[in-house]
Each structure stands twice: as C-alpha cells, then as structure tokens.
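K.L.:
My structure is in input39.txt, and what it holds is compact mmCIF, C-alpha atoms and all ligand atoms:
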# COMPACT_ATOMS: atom_id res chain seq x y z
CA MET M 870 -19.97 -16.78 -4.22
CA LYS M 871 -18.98 -14.26 -6.87
CA ALA M 872 -15.35 -13.23 -7.25
CA MET M 873 -13.01 -11.54 -9.70
CA VAL M 874 -10.40 -14.24 -10.29
CA LEU M 875 -6.86 -14.11 -11.72
CA GLU M 876 -6.40 -17.32 -13.74
CA SER M 877 -3.23 -16.45 -15.65
CA LEU M 878 -0.64 -13.66 -15.67
CA ALA M 879 -1.13 -10.87 -18.20
CA ASP M 880 0.27 -7.54 -19.37
CA VAL M 881 -2.40 -5.03 -18.45
CA SER M 882 -1.32 -2.56 -21.15
CA THR M 883 -2.30 -5.09 -23.85
CA ASN M 884 -4.92 -7.10 -21.92
CA PRO M 885 -7.33 -4.75 -20.14
CA SER M 886 -9.36 -7.66 -18.64
CA PRO M 887 -6.95 -9.88 -16.71
CA LEU M 888 -9.57 -10.88 -14.08
CA ARG M 889 -12.64 -13.05 -14.70
CA TRP M 890 -16.04 -12.66 -13.00
CA LEU M 891 -16.70 -16.20 -11.72
CA SER M 892 -18.77 -18.17 -9.21
CA ILE M 893 -16.45 -20.07 -6.89
CA ASP M 894 -16.89 -22.04 -3.63
CA GLU M 895 -17.12 -20.12 -0.37
CA PRO M 896 -13.99 -20.68 1.73
CA SER M 897 -14.14 -23.37 4.43
CA LEU M 898 -12.49 -22.51 7.73
CA ASN M 899 -9.55 -24.15 9.47
CA PRO M 900 -8.94 -23.75 13.23
CA GLY M 901 -7.95 -20.17 14.10
CA GLU M 902 -9.59 -18.70 11.01
CA ILE M 903 -12.58 -16.42 10.53
CA LEU M 904 -14.99 -15.93 7.63
CA LEU M 905 -15.50 -12.35 6.45
CA ARG M 906 -18.42 -11.05 4.42
CA VAL M 907 -16.44 -8.55 2.34
CA THR M 908 -18.03 -5.12 1.86
CA ARG M 909 -15.17 -3.06 0.40
CA CYS M 910 -11.74 -3.82 -1.06
CA GLY M 911 -9.16 -1.25 -2.08
CA VAL M 912 -7.27 -1.50 -5.38
CA CYS M 913 -3.49 -1.28 -5.02
CA HIS M 914 -0.63 -0.92 -7.51
CA THR M 915 0.73 -4.20 -6.12
CA GLU M 916 -2.15 -5.98 -7.87
CA LEU M 917 -0.60 -4.86 -11.17
CA ASP M 918 2.76 -6.26 -10.01
CA GLU M 919 1.04 -9.58 -9.28
CA ILE M 920 -0.94 -9.72 -12.54
CA GLU M 921 2.09 -8.78 -14.64
CA GLY M 922 4.36 -11.27 -12.85
CA ARG M 923 6.75 -8.99 -10.95
CA THR M 924 5.57 -10.53 -7.66
CA PRO M 925 3.58 -13.49 -9.00
CA PRO M 926 1.14 -15.44 -6.84
CA PRO M 927 2.61 -18.87 -6.00
CA ARG M 928 -0.60 -20.59 -7.15
CA LEU M 929 -3.27 -19.77 -9.72
CA PRO M 930 -6.15 -19.17 -9.82
CA VAL M 931 -6.11 -16.62 -7.02
CA VAL M 932 -8.38 -13.86 -5.73
CA LEU M 933 -6.43 -10.60 -5.42
CA GLY M 934 -7.06 -7.75 -2.97
CA HIS M 935 -5.36 -6.84 0.30
CA GLN M 936 -7.22 -3.76 1.58
CA VAL M 937 -10.28 -5.65 2.74
CA VAL M 938 -13.09 -4.43 4.97
CA GLY M 939 -15.82 -6.83 6.03
CA THR M 940 -18.05 -8.22 8.73
CA VAL M 941 -17.15 -11.34 10.69
CA GLU M 942 -19.67 -14.07 9.80
CA GLY M 943 -17.94 -17.19 11.13
CA ILE M 944 -15.24 -18.07 13.65
CA GLN M 945 -13.39 -21.37 13.85
CA SER M 946 -11.45 -20.71 16.99
CA ARG M 947 -8.63 -22.81 18.34
CA GLU M 948 -9.64 -21.69 21.81
CA THR M 949 -12.91 -19.79 21.73
CA SER M 950 -12.18 -17.89 24.95
CA LYS M 951 -8.93 -16.47 23.54
CA SER M 952 -10.50 -14.99 20.42
CA THR M 953 -11.03 -11.24 20.60
CA VAL M 954 -12.97 -11.16 17.33
CA GLN M 955 -16.76 -11.23 17.58
CA ILE M 956 -19.42 -12.30 15.08
CA GLY M 957 -20.83 -9.17 13.42
CA GLN M 958 -17.71 -7.10 14.12
CA ARG M 959 -16.35 -4.86 11.36
CA VAL M 960 -12.68 -5.59 10.71
CA GLY M 961 -10.00 -4.98 8.10
CA VAL M 962 -7.38 -7.23 6.54
CA ALA M 963 -4.11 -5.77 5.30
CA TRP M 964 -1.23 -7.12 3.14
CA ILE M 965 0.11 -9.16 6.08
CA ALA M 966 -1.95 -12.37 6.19
CA SER M 967 0.46 -14.26 8.46
CA ALA M 968 4.05 -14.64 9.64
CA CYS M 969 5.77 -17.44 11.61
CA ARG M 970 5.81 -15.56 14.96
CA HIS M 971 9.00 -17.43 16.08
CA CYS M 972 11.92 -16.18 13.96
CA GLU M 973 14.30 -13.37 14.97
CA TYR M 974 12.28 -10.86 12.93
CA CYS M 975 8.89 -11.88 14.29
CA ARG M 976 10.24 -11.74 17.86
CA SER M 977 11.70 -8.24 17.36
CA GLY M 978 8.68 -6.47 15.91
CA GLN M 979 9.78 -6.93 12.29
CA GLU M 980 7.31 -9.60 11.21
CA ASN M 981 7.20 -7.79 7.84
CA LEU M 982 10.67 -9.29 7.14
CA CYS M 983 9.77 -12.88 8.17
CA ALA M 984 10.86 -15.52 5.62
CA GLU M 985 7.44 -17.13 6.01
CA PHE M 986 5.56 -13.86 5.49
CA GLN M 987 2.31 -14.54 3.63
CA ALA M 988 0.49 -11.83 1.72
CA THR M 989 -3.26 -11.38 1.45
CA GLY M 990 -4.50 -11.64 -2.12
CA ARG M 991 -1.26 -13.27 -3.34
CA ASP M 992 -0.34 -16.19 -1.04
CA ILE M 993 -3.93 -16.58 0.19
CA ASN M 994 -7.16 -15.51 -1.52
CA GLY M 995 -8.01 -11.86 -0.89
CA GLY M 996 -10.90 -9.45 -1.01
CA TYR M 997 -11.97 -9.19 -4.68
CA ALA M 998 -14.82 -11.53 -3.65
CA GLU M 999 -17.99 -11.71 -1.61
CA TYR M 1000 -16.28 -13.74 1.15
CA MET M 1001 -12.74 -14.42 2.32
CA LYS M 1002 -11.14 -16.32 5.18
CA VAL M 1003 -8.23 -15.13 7.25
CA ARG M 1004 -6.44 -15.89 10.52
CA ALA M 1005 -8.31 -14.33 13.44
CA ASP M 1006 -5.12 -12.81 14.87
CA PHE M 1007 -4.36 -10.98 11.60
CA VAL M 1008 -7.46 -8.78 11.38
CA HIS M 1009 -7.78 -5.20 12.59
CA PRO M 1010 -10.80 -3.51 14.18
CA ILE M 1011 -11.88 -0.42 12.23
CA PRO M 1012 -12.48 2.72 14.35
CA HIS M 1013 -16.15 3.82 14.32
CA SER M 1014 -15.46 7.25 12.86
CA ILE M 1015 -14.05 5.74 9.66
CA SER M 1016 -16.49 4.44 7.02
CA SER M 1017 -15.75 1.14 5.26
CA SER M 1018 -14.97 2.90 1.96
CA GLU M 1019 -12.57 5.23 3.75
CA ALA M 1020 -11.00 2.37 5.71
CA ALA M 1021 -10.08 0.21 2.70
CA PRO M 1022 -7.31 2.46 1.29
CA LEU M 1023 -5.98 3.08 4.80
CA LEU M 1024 -5.15 -0.64 5.14
CA CYS M 1025 -2.34 -0.63 2.55
CA ALA M 1026 -1.84 2.74 0.88
CA GLY M 1027 -2.19 4.35 4.31
CA ALA M 1028 -0.42 1.82 6.53
CA VAL M 1029 2.56 1.27 4.22
CA GLY M 1030 2.73 5.03 3.64
CA TYR M 1031 2.82 5.46 7.42
CA ARG M 1032 5.65 2.91 7.67
CA SER M 1033 7.53 4.75 4.88
CA LEU M 1034 7.18 8.03 6.73
CA ARG M 1035 8.43 6.42 9.96
CA LEU M 1036 11.47 5.07 8.11
CA CYS M 1037 12.30 8.64 6.98
CA SER M 1038 13.08 9.50 10.65
CA LEU M 1039 11.92 13.05 9.96
CA ARG M 1040 11.93 15.75 12.65
CA ASP M 1041 9.35 18.52 12.70
CA GLY M 1042 10.55 21.36 10.47
CA GLN M 1043 12.61 19.14 8.15
CA SER M 1044 11.61 19.05 4.51
CA LEU M 1045 9.94 16.06 2.87
CA GLY M 1046 9.63 15.20 -0.82
CA LEU M 1047 6.99 12.89 -2.26
CA MET M 1048 7.77 11.28 -5.65
CA GLY M 1049 4.47 10.22 -7.22
CA PHE M 1050 1.14 11.27 -5.79
CA GLY M 1051 -1.32 8.39 -5.89
CA GLY M 1052 -3.14 6.32 -3.27
CA SER M 1053 -0.28 6.15 -0.79
CA ASN M 1054 1.54 9.49 -0.98
CA HIS M 1055 -1.65 11.57 -0.81
CA LEU M 1056 -2.25 9.93 2.59
CA VAL M 1057 1.40 10.41 3.60
CA LEU M 1058 0.95 14.13 2.91
CA LYS M 1059 -2.02 14.25 5.29
CA VAL M 1060 -0.16 12.31 8.00
CA ALA M 1061 3.00 14.40 7.59
CA LYS M 1062 1.05 17.66 7.89
CA TYR M 1063 -0.44 16.38 11.14
CA LYS M 1064 2.75 14.94 12.67
CA TYR M 1065 5.22 17.55 11.36
CA PRO M 1066 3.27 20.83 11.13
CA LYS M 1067 6.43 22.91 10.65
CA SER M 1068 7.73 20.80 7.76
CA ASN M 1069 7.30 21.79 4.12
CA ILE M 1070 6.20 19.07 1.74
CA PHE M 1071 7.29 19.05 -1.92
CA VAL M 1072 5.43 16.85 -4.42
CA PHE M 1073 6.82 15.53 -7.72
CA SER M 1074 4.41 14.06 -10.23
CA ARG M 1075 4.34 13.34 -13.95
CA ASN M 1076 0.83 14.68 -14.38
CA ALA M 1077 -0.56 18.15 -13.86
CA SER M 1078 -3.83 17.08 -12.23
CA GLU M 1079 -1.93 15.20 -9.50
CA ARG M 1080 0.23 18.30 -8.92
CA GLU M 1081 -2.89 20.44 -8.59
CA PHE M 1082 -4.39 17.84 -6.26
CA ALA M 1083 -1.23 17.96 -4.09
CA LEU M 1084 -1.37 21.75 -3.82
CA SER M 1085 -5.07 21.57 -2.88
CA LEU M 1086 -4.12 19.23 0.00
CA GLY M 1087 -1.47 21.62 1.32
CA ALA M 1088 1.80 20.77 -0.45
CA ALA M 1089 4.21 23.74 -0.30
CA TRP M 1090 5.25 23.14 -3.92
CA ALA M 1091 4.48 20.70 -6.73
CA GLY M 1092 6.56 20.10 -9.84
CA ALA M 1093 7.46 17.58 -12.51
CA ILE M 1094 9.67 14.60 -11.58
CA ASP M 1095 12.80 16.20 -13.09
CA GLN M 1096 12.21 19.69 -11.68
CA ASN M 1097 14.44 21.03 -8.91
CA PRO M 1098 12.56 21.69 -5.68
CA PRO M 1099 13.03 25.19 -4.21
CA GLU M 1100 15.13 23.75 -1.36
CA GLU M 1101 17.18 20.60 -0.66
CA LEU M 1102 15.22 17.82 1.03
CA ASP M 1103 15.87 15.89 4.24
CA ALA M 1104 13.88 12.87 3.05
CA VAL M 1105 12.00 11.68 -0.01
CA ILE M 1106 9.41 8.90 -0.33
CA ASP M 1107 9.22 7.38 -3.81
CA THR M 1108 6.09 5.49 -4.86
CA THR M 1109 6.68 5.45 -8.62
CA PRO M 1110 7.06 2.17 -10.56
CA VAL M 1111 10.25 3.24 -12.42
CA TRP M 1112 13.89 4.31 -11.81
CA GLY M 1113 14.19 7.85 -13.19
CA PRO M 1114 12.63 9.34 -10.04
CA ILE M 1115 15.28 7.59 -7.87
CA SER M 1116 18.04 9.38 -9.75
CA GLU M 1117 16.20 12.71 -9.50
CA ALA M 1118 15.48 12.25 -5.80
CA MET M 1119 19.14 11.55 -4.98
CA LYS M 1120 20.13 14.84 -6.65
CA GLY M 1121 17.72 16.79 -4.46
CA LEU M 1122 18.66 15.26 -1.08
CA LYS M 1123 20.58 17.18 1.57
CA PRO M 1124 23.81 15.67 2.97
CA GLY M 1125 22.73 12.83 5.27
CA GLY M 1126 19.32 12.73 3.58
CA ARG M 1127 17.37 9.54 3.02
CA LEU M 1128 15.35 8.20 0.12
CA VAL M 1129 12.69 5.66 1.11
CA ILE M 1130 11.35 3.53 -1.76
CA ASN M 1131 7.76 2.45 -1.14
CA ALA M 1132 7.33 -0.05 -3.97
CA ILE M 1133 7.25 -3.82 -3.86
CA ARG M 1134 8.79 -4.04 -7.34
CA LYS M 1135 10.09 -1.62 -9.97
CA GLU M 1136 9.53 -2.03 -13.71
CA GLU M 1137 12.61 -2.67 -15.91
CA LEU M 1138 11.82 0.10 -18.42
CA ASP M 1139 14.42 2.74 -17.52
CA LYS M 1140 16.72 0.81 -15.19
CA ASP M 1141 19.79 1.98 -17.12
CA VAL M 1142 19.55 5.40 -15.41
CA LEU M 1143 21.17 3.68 -12.41
CA LEU M 1144 24.37 3.16 -14.42
CA LYS M 1145 24.59 6.92 -14.81
CA LEU M 1146 24.35 7.76 -11.10
CA ASP M 1147 26.96 10.37 -10.25
CA TYR M 1148 28.61 9.35 -7.00
CA PRO M 1149 29.73 12.84 -5.81
CA SER M 1150 26.37 14.57 -6.33
CA GLN M 1151 23.90 11.72 -5.89
CA LEU M 1152 25.33 9.31 -3.31
CA TRP M 1153 28.28 10.79 -1.44
CA MET M 1154 27.77 12.83 1.76
CA GLU M 1155 26.09 9.90 3.50
CA LYS M 1156 22.94 9.93 1.41
CA GLU M 1157 20.92 6.78 2.01
CA ILE M 1158 18.51 4.63 0.02
CA LYS M 1159 16.15 2.37 1.96
CA SER M 1160 13.24 0.24 0.77
CA VAL M 1161 10.00 -0.49 2.58
CA ALA M 1162 8.96 -4.13 2.68
CA ASN M 1163 5.45 -5.20 3.58
CA VAL M 1164 3.84 -4.02 6.78
CA THR M 1165 3.46 -5.21 10.37
CA ARG M 1166 0.22 -5.54 12.32
CA VAL M 1167 1.45 -2.78 14.63
CA ASP M 1168 1.87 -0.41 11.63
CA VAL M 1169 -1.72 -1.08 10.55
CA ARG M 1170 -3.22 -0.67 14.03
CA GLU M 1171 -1.19 2.43 14.92
CA PHE M 1172 -2.08 4.01 11.61
CA LEU M 1173 -5.82 3.28 11.93
CA GLN M 1174 -5.76 4.91 15.39
CA LEU M 1175 -3.83 7.92 14.08
CA ALA M 1176 -6.24 8.26 11.12
CA ALA M 1177 -9.20 8.30 13.52
CA GLU M 1178 -7.52 10.77 15.91
CA ALA M 1179 -6.33 13.15 13.17
CA ASN M 1180 -9.43 12.67 10.98
CA ILE M 1181 -7.25 11.50 8.11
CA LYS M 1182 -9.47 10.31 5.30
CA PRO M 1183 -8.49 9.18 1.83
CA GLU M 1184 -9.84 10.72 -1.34
CA PHE M 1185 -11.34 7.79 -3.24
CA GLN M 1186 -13.35 6.65 -6.24
CA GLU M 1187 -15.67 3.62 -6.02
CA TYR M 1188 -16.25 0.85 -8.55
CA GLU M 1189 -18.48 -2.24 -8.50
CA LEU M 1190 -16.55 -5.49 -7.87
CA LYS M 1191 -17.24 -6.71 -11.41
CA ASP M 1192 -15.61 -3.50 -12.73
CA ALA M 1193 -12.27 -4.32 -11.05
CA ASN M 1194 -10.59 -4.64 -14.47
CA GLN M 1195 -11.57 -1.06 -15.27
CA ALA M 1196 -10.13 0.19 -11.96
CA LEU M 1197 -6.87 -1.71 -12.59
CA THR M 1198 -6.58 -0.46 -16.18
CA GLU M 1199 -7.07 3.14 -15.07
CA LEU M 1200 -4.42 2.62 -12.39
CA LYS M 1201 -2.02 1.28 -15.04
CA GLN M 1202 -2.73 4.30 -17.24
CA GLY M 1203 -2.05 6.67 -14.36
CA LYS M 1204 -5.65 7.88 -14.14
CA ILE M 1205 -5.43 8.38 -10.42
CA ARG M 1206 -7.01 10.79 -8.03
CA GLY M 1207 -6.59 9.40 -4.54
CA SER M 1208 -7.46 5.71 -4.09
CA LYS M 1209 -9.72 3.24 -5.86
CA VAL M 1210 -12.19 1.12 -3.89
CA LEU M 1211 -14.36 -1.83 -4.97
CA ARG M 1212 -17.89 -2.03 -3.56
CA ILE M 1213 -19.05 -5.58 -2.89
ZN ZN K 1301 -1.07 -2.53 -1.41
ZN ZN K 1302 8.88 -15.02 11.39
Could you render the structure as structure tokens?
Ligand SMILES: [Zn+2]
Ligand SMILES: [Zn+2]

P.N.:
Amino acid sequence: MKAMVLESLADVSTNPSPLRWLSIDEPSLNPGEILLRVTRCGVCHTELDEIEGRTPPPRLPVVLGHQVVGTVEGIQSRETSKSTVQIGQRVGVAWIASACRHCEYCRSGQENLCAEFQATGRDINGGYAEYMKVRADFVHPIPHSISSSEAAPLLCAGAVGYRSLRLCSLRDGQSLGLMGFGGSNHLVLKVAKYKYPKSNIFVFSRNASEREFALSLGAAWAGAIDQNPPEELDAVIDTTPVWGPISEAMKGLKPGGRLVINAIRKEELDKDVLLKLDYPSQLWMEKEIKSVANVTRVDVREFLQLAAEANIKPEFQEYELKDANQALTELKQGKIRGSKVLRI
C-alpha cells in the first residue's frame, strides 16, 4: 500500500518535505483489531510536534495521522459475537488508540490520563496511508449526516476542542476568549455558540484573515493577541504553539477565571515571558491555568453526536495524500483557514 512515512525527525521550517511517499506492507491483524480502508485523514498541529521532536514517536519509521475516517474491511475479533463493528461500516479513529482499561484513571472515565495511553499516528501507525489497523473497541461510528471530509477534523480538532470547552466550566452568558483561530478553535466557536447562545466570544489571532474569518462565524470581537478585549473574560482557550498568548490571556481573565491550554507541547521560542508574569494582575484572584491532555472515547462520541445534532461542520481544505508535506508546511507557516484534510 502507499503511505506518507516519517523516517527521521526534521525541522519543518528548514525541511519542507519531512514525509516520504513509499510503498509499505499492508498491516496484518492481531486478535481484537480491525483493518480500515482509509478514505480521509485530517492534518493536525500535533503532527508538527511529532516531526520536530516535541512529542517524538517511540519508533521510526511511523505513519502519522490521527483524524482517520475509513471503511472496515477486515475484523479479527477475539469474540466475534461481542464485536459491534461491521464489515463495510464507516468509522473514525481519533488520537486515543488504546488505554489499559484497569488503572484508576481508566476506571474513572479519565482514560486520557492513563500511563499506558497510546496515540494513533505516534505510538501506532496512523491514517496517512491507504490502510491502517486499530483496536475494534477504539473506533467511532460516524453519523450519516456528516461527510467523511467533514468528519476527519471533528475527530481531533473538534473532539479535543469540545473537551477544552468542557474544562472551561462555562455557564451560558459568561464570556469566552479564543487564543488562536485554526482547526480547533473555529470548531469551538461553533459549539460554544450552540451551547451558550447568550455568551459573547472574543477571538485573538496573529493574522488578519483569521480575525475576519472569526467575525464571519459570529465572534463578537476579534483582535491581535496583545490587544485588550472589550470586557474581562470568564475563560480562555489557548491553541497557540507559544507562550506570549498565555501571558496576555492571564491579563484579560476575570477574578476566578480559567485559562485552558489546548496544546500537546509548546515551542521554546518565547518561554522567557513566563519569568515576567506579574502575580497581582495575572495570577492572583484565583485565576487558574489548566491543560488539556489527549481525549477520551466518550469525548469523541459525545462530540460527534453534538456535531450531527447542531449541524456543526468544519471549514476545510483538501489535499491529496501525496501532498501531505505541502499541507504540513502551510500549517507551520500559519496558512490556515479552518482544517486541512488528506484525500486517500
Ligand atoms: Zn490532533
Ligand atoms: Zn489506564
């Protein structure tokens, strides 16, 4: 089968072609696994973190991609009668590829924090390929009203965005800030407008076209990262790869407000801004900082249902699988409008 393969780590700003277009063996199934014929795979900023070594794959070569939509072509069931997945069914695979299911986290609905958490497209081969294999109990049926291209970005950008919004503990009418406006936060804006119709949403972005895009989707205000919003914010979700926005967000929070960081890793570039945090204005008054780690299967399934019910669809651009390097380079350069999806 054809796949775009990561053979060695690279800096995407100096190497615009970190993945190679190769023919590799089709995966062979172990008990409990299914074979997917991949049709779409979303491109996520986390792939840049993997390629550039901030969250490196444990083994190379590896096939990246964790927003996978495909058709079930093979089932190697432990107990056939127990499997709810059918041949020919359209399913999605998200960042969570497996967890132990026995630890305190797995037993309390926090499998995203499991020490044995395995990620799709990092710890196992992902969806930048014609086929992938995955555990049958870690796939998600895609609602009929959502096309495969629309479903791909919902599986990470959407589902992790949904988890980030949940962690904000917002009430309807409270104000929400979004730092960065790419694949994830543009979906968070749509979800927030549906769940919290009385809330105003304020978008901060480094580039003017993203700010315009945010206003066109119903943001109450859009400004640069260091601009003051017209009112103090109850919660902010940060999806940027750097630290400056954290400092800015903490200035704009209300007493008791919460900043939720939706990023698996931050770049080191401007980390020194943290040394300049001003305790009275940026941290005191019970302001909180919380990160989002991974995603649970419940997050993904709840979000797919909500997306179908509220008709939440991502804005996306499509690329052929062999053009994955181009999609990743554009993502690195900040050329973003909505989400990027590979067609396979
Ligand atoms: Zn992702
Ligand atoms: Zn566990």

K.L.:
Can you list every residue of chain M that has an atom at most 7 Å from ligand ZN 1301 (chain K), with its nearest atom pair and the distance in Å to one decimal, using only C-alpha atoms and all ligand atoms, ordered by chain then number, as a Markdown table?

P.N.:
| residue | atom | partner | partner_atom | distance |
| --- | --- | --- | --- | --- |
| M:Cys913 | CA | K:ZN1301 | ZN | 4.5 |
| M:His914 | CA | K:ZN1301 | ZN | 6.3 |
| M:Thr915 | CA | K:ZN1301 | ZN | 5.3 |
| M:His935 | CA | K:ZN1301 | ZN | 6.3 |
| M:Gln936 | CA | K:ZN1301 | ZN | 6.9 |
| M:Trp964 | CA | K:ZN1301 | ZN | 6.5 |
| M:Cys1025 | CA | K:ZN1301 | ZN | 4.6 |
| M:Ala1026 | CA | K:ZN1301 | ZN | 5.8 |

K.L.:
Using only C-alpha atoms and all ligand atoms, find each residue with an atom at most 6 Å away from ligand ZN 1302 (chain K) and format the answer as a CSV table (one decimal) with C-alpha atoms, keeping the file's coordinate frame.

P.N.:
chain,number,residue,atom,x,y,z
M,968,ALA,CA,4.0,-14.6,9.6
M,969,CYS,CA,5.8,-17.4,11.6
M,970,ARG,CA,5.8,-15.6,15.0
M,971,HIS,CA,9.0,-17.4,16.1
M,972,CYS,CA,11.9,-16.2,14.0
M,974,TYR,CA,12.3,-10.9,12.9
M,975,CYS,CA,8.9,-11.9,14.3
M,980,GLU,CA,7.3,-9.6,11.2
M,983,CYS,CA,9.8,-12.9,8.2
M,985,GLU,CA,7.4,-17.1,6.0

K.L.:
Can you work out which one of M:Tyr997, M:Phe1007, M:Trp890, M:Tyr1063 has the shortest atom-to-atom distance to Asn1180 of chain M, counting all atoms listed in the file?

P.N.:
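Comparing M:Tyr997, M:Phe1007, M:Trp890, M:Tyr1063 against Asn1180 of chain M, the winner is M:Tyr1063.
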
K.L.:
Could you name the residues that touch Ala1162 of chain M at 10 Å or less, counting only C-alpha atoms, but leaving out those on the same chain fewer than 6 positions away, as a PyMOL selection string?

P.N.:
chain M and resi 981-982+1029+1032-1033+1130-1133

K.L.:
Quick check, in Å to one decimal: how far apart do atom CA of Leu898 of chain M and atom CA of Pro927 of chain M lie?

P.N.:
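Going from atom CA of Leu898 of chain M over to atom CA of Pro927 of chain M, I get 20.7 Å.
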
K.L.:
Select, from M:Lys1156, M:Arg923, M:Arg1212, M:Lys1191, the residue with the minimum atom-to-atom distance to Leu891 of chain M, counting only C-alpha atoms.

P.N.:
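Checking each candidate against Leu891 of chain M, we get M:Lys1191 as the closest.
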
K.L.:
I'd like the contact shell of Lys1204 of chain M - 12 Å cut-off, only C-alpha atoms, skipping same-chain residues fewer than 2 positions apart - returned as an MDAnalysis selection string.

P.N.:
chainID M and resid 1050:1052 1075:1079 1186 1195:1202 1206:1209

K.L.:
Output: segment 1199-1207 of chain M of the preceding structure, restricted to all heavy atoms, written as a tab-separated table (two decimals), in the first residue's frame.

P.N.:
chain	number	residue	atom	x	y	z
M	1199	GLU	N	2.28	24.40	5.10
M	1199	GLU	CA	1.35	25.54	5.20
M	1199	GLU	C	0.88	25.72	6.64
M	1199	GLU	O	0.72	26.85	7.11
M	1199	GLU	CB	0.17	25.34	4.24
M	1199	GLU	CG	0.58	25.48	2.79
M	1199	GLU	CD	-0.58	25.26	1.83
M	1199	GLU	OE1	-1.74	25.15	2.29
M	1199	GLU	OE2	-0.32	25.18	0.62
M	1200	LEU	N	0.67	24.60	7.33
M	1200	LEU	CA	0.24	24.68	8.73
M	1200	LEU	C	1.34	25.35	9.56
M	1200	LEU	O	1.08	26.22	10.39
M	1200	LEU	CB	-0.03	23.26	9.25
M	1200	LEU	CG	-0.77	23.10	10.56
M	1200	LEU	CD1	-2.14	23.75	10.49
M	1200	LEU	CD2	-0.92	21.62	10.92
M	1201	LYS	N	2.59	24.95	9.31
M	1201	LYS	CA	3.74	25.52	10.02
M	1201	LYS	C	3.83	27.03	9.77
M	1201	LYS	O	4.15	27.81	10.66
M	1201	LYS	CB	5.02	24.82	9.56
M	1201	LYS	CG	6.31	25.36	10.14
M	1201	LYS	CD	6.56	24.85	11.54
M	1201	LYS	CE	7.82	25.47	12.14
M	1201	LYS	NZ	8.08	24.99	13.50
M	1202	GLN	N	3.54	27.42	8.51
M	1202	GLN	CA	3.65	28.84	8.16
M	1202	GLN	C	2.43	29.65	8.59
M	1202	GLN	O	2.35	30.84	8.33
M	1202	GLN	CB	3.83	28.97	6.64
M	1202	GLN	CG	5.16	28.42	6.15
M	1202	GLN	CD	5.20	28.23	4.64
M	1202	GLN	OE1	4.15	28.27	3.98
M	1202	GLN	NE2	6.38	28.00	4.09
M	1203	GLY	N	1.45	28.97	9.19
M	1203	GLY	CA	0.26	29.68	9.65
M	1203	GLY	C	-0.72	29.99	8.54
M	1203	GLY	O	-1.58	30.86	8.69
M	1204	LYS	N	-0.58	29.28	7.40
M	1204	LYS	CA	-1.56	29.49	6.32
M	1204	LYS	C	-2.76	28.58	6.58
M	1204	LYS	O	-2.85	27.46	6.10
M	1204	LYS	CB	-0.94	29.14	4.96
M	1204	LYS	CG	0.12	30.11	4.52
M	1204	LYS	CD	0.63	29.75	3.14
M	1204	LYS	CE	1.82	30.59	2.76
M	1204	LYS	NZ	2.61	29.99	1.69
M	1205	ILE	N	-3.64	29.09	7.42
M	1205	ILE	CA	-4.72	28.25	7.94
M	1205	ILE	C	-6.05	28.93	7.68
M	1205	ILE	O	-6.21	30.11	7.94
M	1205	ILE	CB	-4.57	28.05	9.47
M	1205	ILE	CG1	-3.19	27.49	9.81
M	1205	ILE	CG2	-5.67	27.13	10.00
M	1205	ILE	CD1	-2.83	27.64	11.28
M	1206	ARG	N	-6.98	28.21	7.14
M	1206	ARG	CA	-8.36	28.67	7.17
M	1206	ARG	C	-9.18	27.42	7.45
M	1206	ARG	O	-9.40	26.60	6.57
M	1206	ARG	CB	-8.75	29.32	5.85
M	1206	ARG	CG	-10.11	30.00	5.95
M	1206	ARG	CD	-10.45	30.74	4.65
M	1206	ARG	NE	-11.80	31.24	4.70
M	1206	ARG	CZ	-12.14	32.47	5.13
M	1206	ARG	NH1	-11.24	33.31	5.52
M	1206	ARG	NH2	-13.41	32.85	5.13
M	1207	GLY	N	-9.57	27.24	8.71
M	1207	GLY	CA	-10.26	26.02	9.09
M	1207	GLY	C	-9.26	24.87	9.22
M	1207	GLY	O	-8.16	25.05	9.71
